[in-house]
$ cat my_file10.cif   # mmCIF, C-alpha atoms
data_target
#
loop_
_atom_site.label_atom_id
_atom_site.label_comp_id
_atom_site.auth_asym_id
_atom_site.auth_seq_id
_atom_site.Cartn_x
_atom_site.Cartn_y
_atom_site.Cartn_z
CA ILE A 1 -4.25 69.10 49.12
CA CYS A 2 -1.88 69.29 46.15
CA PRO A 3 0.20 66.11 45.95
CA ALA A 4 1.83 66.86 42.59
CA ILE A 5 4.07 69.59 44.02
CA PHE A 6 5.27 67.23 46.76
CA ASN A 7 6.03 64.53 44.20
CA GLU A 8 7.88 67.08 42.06
CA LEU A 9 9.86 68.29 45.08
CA ILE A 10 10.95 64.74 45.94
CA GLU A 11 11.82 63.98 42.31
CA ASN A 12 13.96 67.12 41.99
CA TYR A 13 15.68 66.43 45.30
CA GLU A 14 16.46 62.84 44.33
CA ASN A 15 17.77 63.99 40.93
CA GLY A 16 20.07 66.50 42.60
CA ASP A 17 18.26 69.65 41.44
CA LEU A 18 18.32 71.27 44.86
CA ASP A 19 17.56 74.77 43.53
CA LYS A 20 14.28 73.58 42.03
CA ALA A 21 13.51 71.51 45.14
CA MET A 22 14.03 74.57 47.36
CA GLU A 23 11.83 76.67 45.07
CA LEU A 24 9.04 74.10 45.39
CA GLN A 25 9.53 73.90 49.16
CA ALA A 26 9.10 77.68 49.35
CA ARG A 27 5.78 77.39 47.48
CA ILE A 28 4.62 74.66 49.86
CA GLN A 29 5.59 76.84 52.82
CA GLN A 30 3.40 79.66 51.44
CA LEU A 31 0.42 77.30 51.43
CA VAL A 32 1.16 75.98 54.93
CA LYS A 33 1.54 79.53 56.28
CA LEU A 34 -1.77 80.51 54.69
CA TYR A 35 -3.47 77.39 56.11
CA PHE A 36 -2.40 78.26 59.65
CA SER A 37 -3.16 81.96 59.24
CA PHE A 38 -6.81 81.02 58.62
CA GLY A 39 -7.02 78.75 61.66
CA GLY A 40 -5.23 75.59 60.55
CA ASN A 41 -8.03 73.15 61.22
CA VAL A 42 -10.03 70.54 59.29
CA ALA A 43 -12.61 73.12 58.22
CA ILE A 44 -9.89 75.25 56.59
CA GLY A 45 -8.35 72.20 54.91
CA LYS A 46 -11.73 71.30 53.45
CA ALA A 47 -12.24 74.90 52.32
CA ILE A 48 -8.86 74.86 50.57
CA LEU A 49 -9.84 71.64 48.81
CA LYS A 50 -13.14 73.25 47.77
CA ALA A 51 -11.25 76.25 46.40
CA GLY A 52 -9.18 73.78 44.36
CA GLY A 53 -12.29 72.18 42.90
CA VAL A 54 -12.70 69.25 45.28
CA ASP A 55 -15.78 69.88 47.46
CA ILE A 56 -15.84 67.24 50.20
CA GLY A 57 -18.39 69.09 52.29
CA PRO A 58 -18.09 71.19 55.41
CA ALA A 59 -16.45 70.18 58.65
CA ARG A 60 -18.69 68.49 61.18
CA SER A 61 -19.43 69.64 64.69
CA PRO A 62 -17.78 70.71 66.92
CA LEU A 63 -15.70 72.52 64.29
CA PRO A 64 -17.37 75.63 62.93
CA LYS A 65 -18.23 75.87 59.26
CA VAL A 66 -16.22 78.35 57.17
CA SER A 67 -18.39 81.39 56.48
CA GLU A 68 -18.88 82.68 52.96
CA GLU A 69 -16.89 85.80 53.90
CA LYS A 70 -13.99 83.76 55.27
CA PHE A 71 -14.08 81.45 52.24
CA ALA A 72 -13.92 84.49 49.91
CA ALA A 73 -10.93 85.85 51.87
CA LEU A 74 -9.27 82.41 51.78
CA LYS A 75 -9.87 82.12 48.04
CA ALA A 76 -8.36 85.59 47.47
CA ALA A 77 -5.31 84.65 49.56
CA LEU A 78 -4.94 81.39 47.62
CA ASP A 79 -5.10 83.35 44.35
CA GLU A 80 -2.24 85.54 45.61
CA ILE A 81 0.04 82.50 45.93
CA TYR A 82 -1.11 81.07 42.57
CA PHE A 83 -2.76 78.07 44.23
CA ASP A 84 -4.49 77.10 40.99
CA GLU A 85 -1.06 76.19 39.57
CA LEU A 86 -0.49 73.71 42.40
CA VAL A 87 -3.77 71.80 42.08
CA ILE A 88 -4.26 68.79 39.82
CA LYS A 89 -7.35 69.40 37.74
#

$ encode --input "my_file10.cif" --output "structure tokens"
Amino acid sequence: ICPAIFNELIENYENGDLDKAMELQARIQQLVKLYFSFGGNVAIGKAILKAGGVDIGPARSPLPKVSEEKFAALKAALDEIYFDELVIK
């Protein structure tokens, strides 16, 4: 979903900057927690990508589509964790 933060985490870890690596890990954990709080399935992953500007379409059956209301709530929750800073644009 946002590979740059993972690459940055690995780079900081390998360079010995463990404080920065732990800070990045905490940000990743916020996103993972949010993902699972909204159901943690393919449909939510696709909705997160859409919120980040990469619309790959809805999930296919048997998974339910993410409603407009749920997408708006997801987007608001992503804004709270500054998701836009994690996404490569």

$ resolve_selection --input "my_file10.cif" --expression "the PyMOL selection byres ((chain A and resi 2) around 10)" --output "list of chain:residue names"
A:Ile1, A:Pro3, A:Ala4, A:Ile5, A:Phe6, A:Asn7, A:Ile28, A:Leu31, A:Ile48, A:Leu49, A:Gly52, A:Phe83, A:Asp84, A:Glu85, A:Leu86, A:Val87, A:Ile88

$ resolve_selection --input "my_file10.cif" --expression "the PyMOL selection byres ((chain A and resi 32) around 12)" --output "MDAnalysis selection string"
chainID A and resid 1:2 25:31 33:41 44:45 48 78 81 83

$ write_last_selection --input "my_file10.cif" --atoms "C-alpha atoms" --output "PDB file, keeping the file's coordinate frame"
ATOM      1  CA  ILE A   1      -4.250  69.100  49.120  1.00  0.00           C
ATOM      2  CA  CYS A   2      -1.880  69.290  46.150  1.00  0.00           C
ATOM      3  CA  GLN A  25       9.530  73.900  49.160  1.00  0.00           C
ATOM      4  CA  ALA A  26       9.100  77.680  49.350  1.00  0.00           C
ATOM      5  CA  ARG A  27       5.780  77.390  47.480  1.00  0.00           C
ATOM      6  CA  ILE A  28       4.620  74.660  49.860  1.00  0.00           C
ATOM      7  CA  GLN A  29       5.590  76.840  52.820  1.00  0.00           C
ATOM      8  CA  GLN A  30       3.400  79.660  51.440  1.00  0.00           C
ATOM      9  CA  LEU A  31       0.420  77.300  51.430  1.00  0.00           C
ATOM     10  CA  LYS A  33       1.540  79.530  56.280  1.00  0.00           C
ATOM     11  CA  LEU A  34      -1.770  80.510  54.690  1.00  0.00           C
ATOM     12  CA  TYR A  35      -3.470  77.390  56.110  1.00  0.00           C
ATOM     13  CA  PHE A  36      -2.400  78.260  59.650  1.00  0.00           C
ATOM     14  CA  SER A  37      -3.160  81.960  59.240  1.00  0.00           C
ATOM     15  CA  PHE A  38      -6.810  81.020  58.620  1.00  0.00           C
ATOM     16  CA  GLY A  39      -7.020  78.750  61.660  1.00  0.00           C
ATOM     17  CA  GLY A  40      -5.230  75.590  60.550  1.00  0.00           C
ATOM     18  CA  ASN A  41      -8.030  73.150  61.220  1.00  0.00           C
ATOM     19  CA  ILE A  44      -9.890  75.250  56.590  1.00  0.00           C
ATOM     20  CA  GLY A  45      -8.350  72.200  54.910  1.00  0.00           C
ATOM     21  CA  ILE A  48      -8.860  74.860  50.570  1.00  0.00           C
ATOM     22  CA  LEU A  78      -4.940  81.390  47.620  1.00  0.00           C
ATOM     23  CA  ILE A  81       0.040  82.500  45.930  1.00  0.00           C
ATOM     24  CA  PHE A  83      -2.760  78.070  44.230  1.00  0.00           C
TER      25      PHE A  83
END

$ residues_near_point --input "my_file10.cif" --point "(-15.3, 69.6, 52.2)" --cutoff "12 Å" --atoms "only C-alpha atoms" --output "ChimeraX atom specification"
/A:1,42-60,65-66,71

$ atom_distance --input "my_file10.cif" --atom1 "CA of Lys20 (chain A)" --atom2 "CA of Tyr82 (chain A)"
17.1 Å

$ atom_distance --input "my_file10.cif" --atom1 "CA of Glu11 (chain A)" --atom2 "CA of Leu24 (chain A)"
10.9 Å

$ atom_distance --input "my_file10.cif" --atom1 "CA of Tyr13 (chain A)" --atom2 "CA of Ala77 (chain A)"
28.1 Å

$ closest_residue --input "my_file10.cif" --among "A:Ser61, A:Met22, A:Lys75, A:Lys70" --to "Ile10 (chain A)" --atoms "only C-alpha atoms"
A:Met22

$ axis_aligned_box --input "my_file10.cif" --around "region 17-30 of chain A" --padding-each-side "6 Å" --output "lines of an AutoDock Vina configuration file"
center_x = 10.9
center_y = 74.7
center_z = 47.1
size_x = 26.9
size_y = 22.0
size_z = 23.4
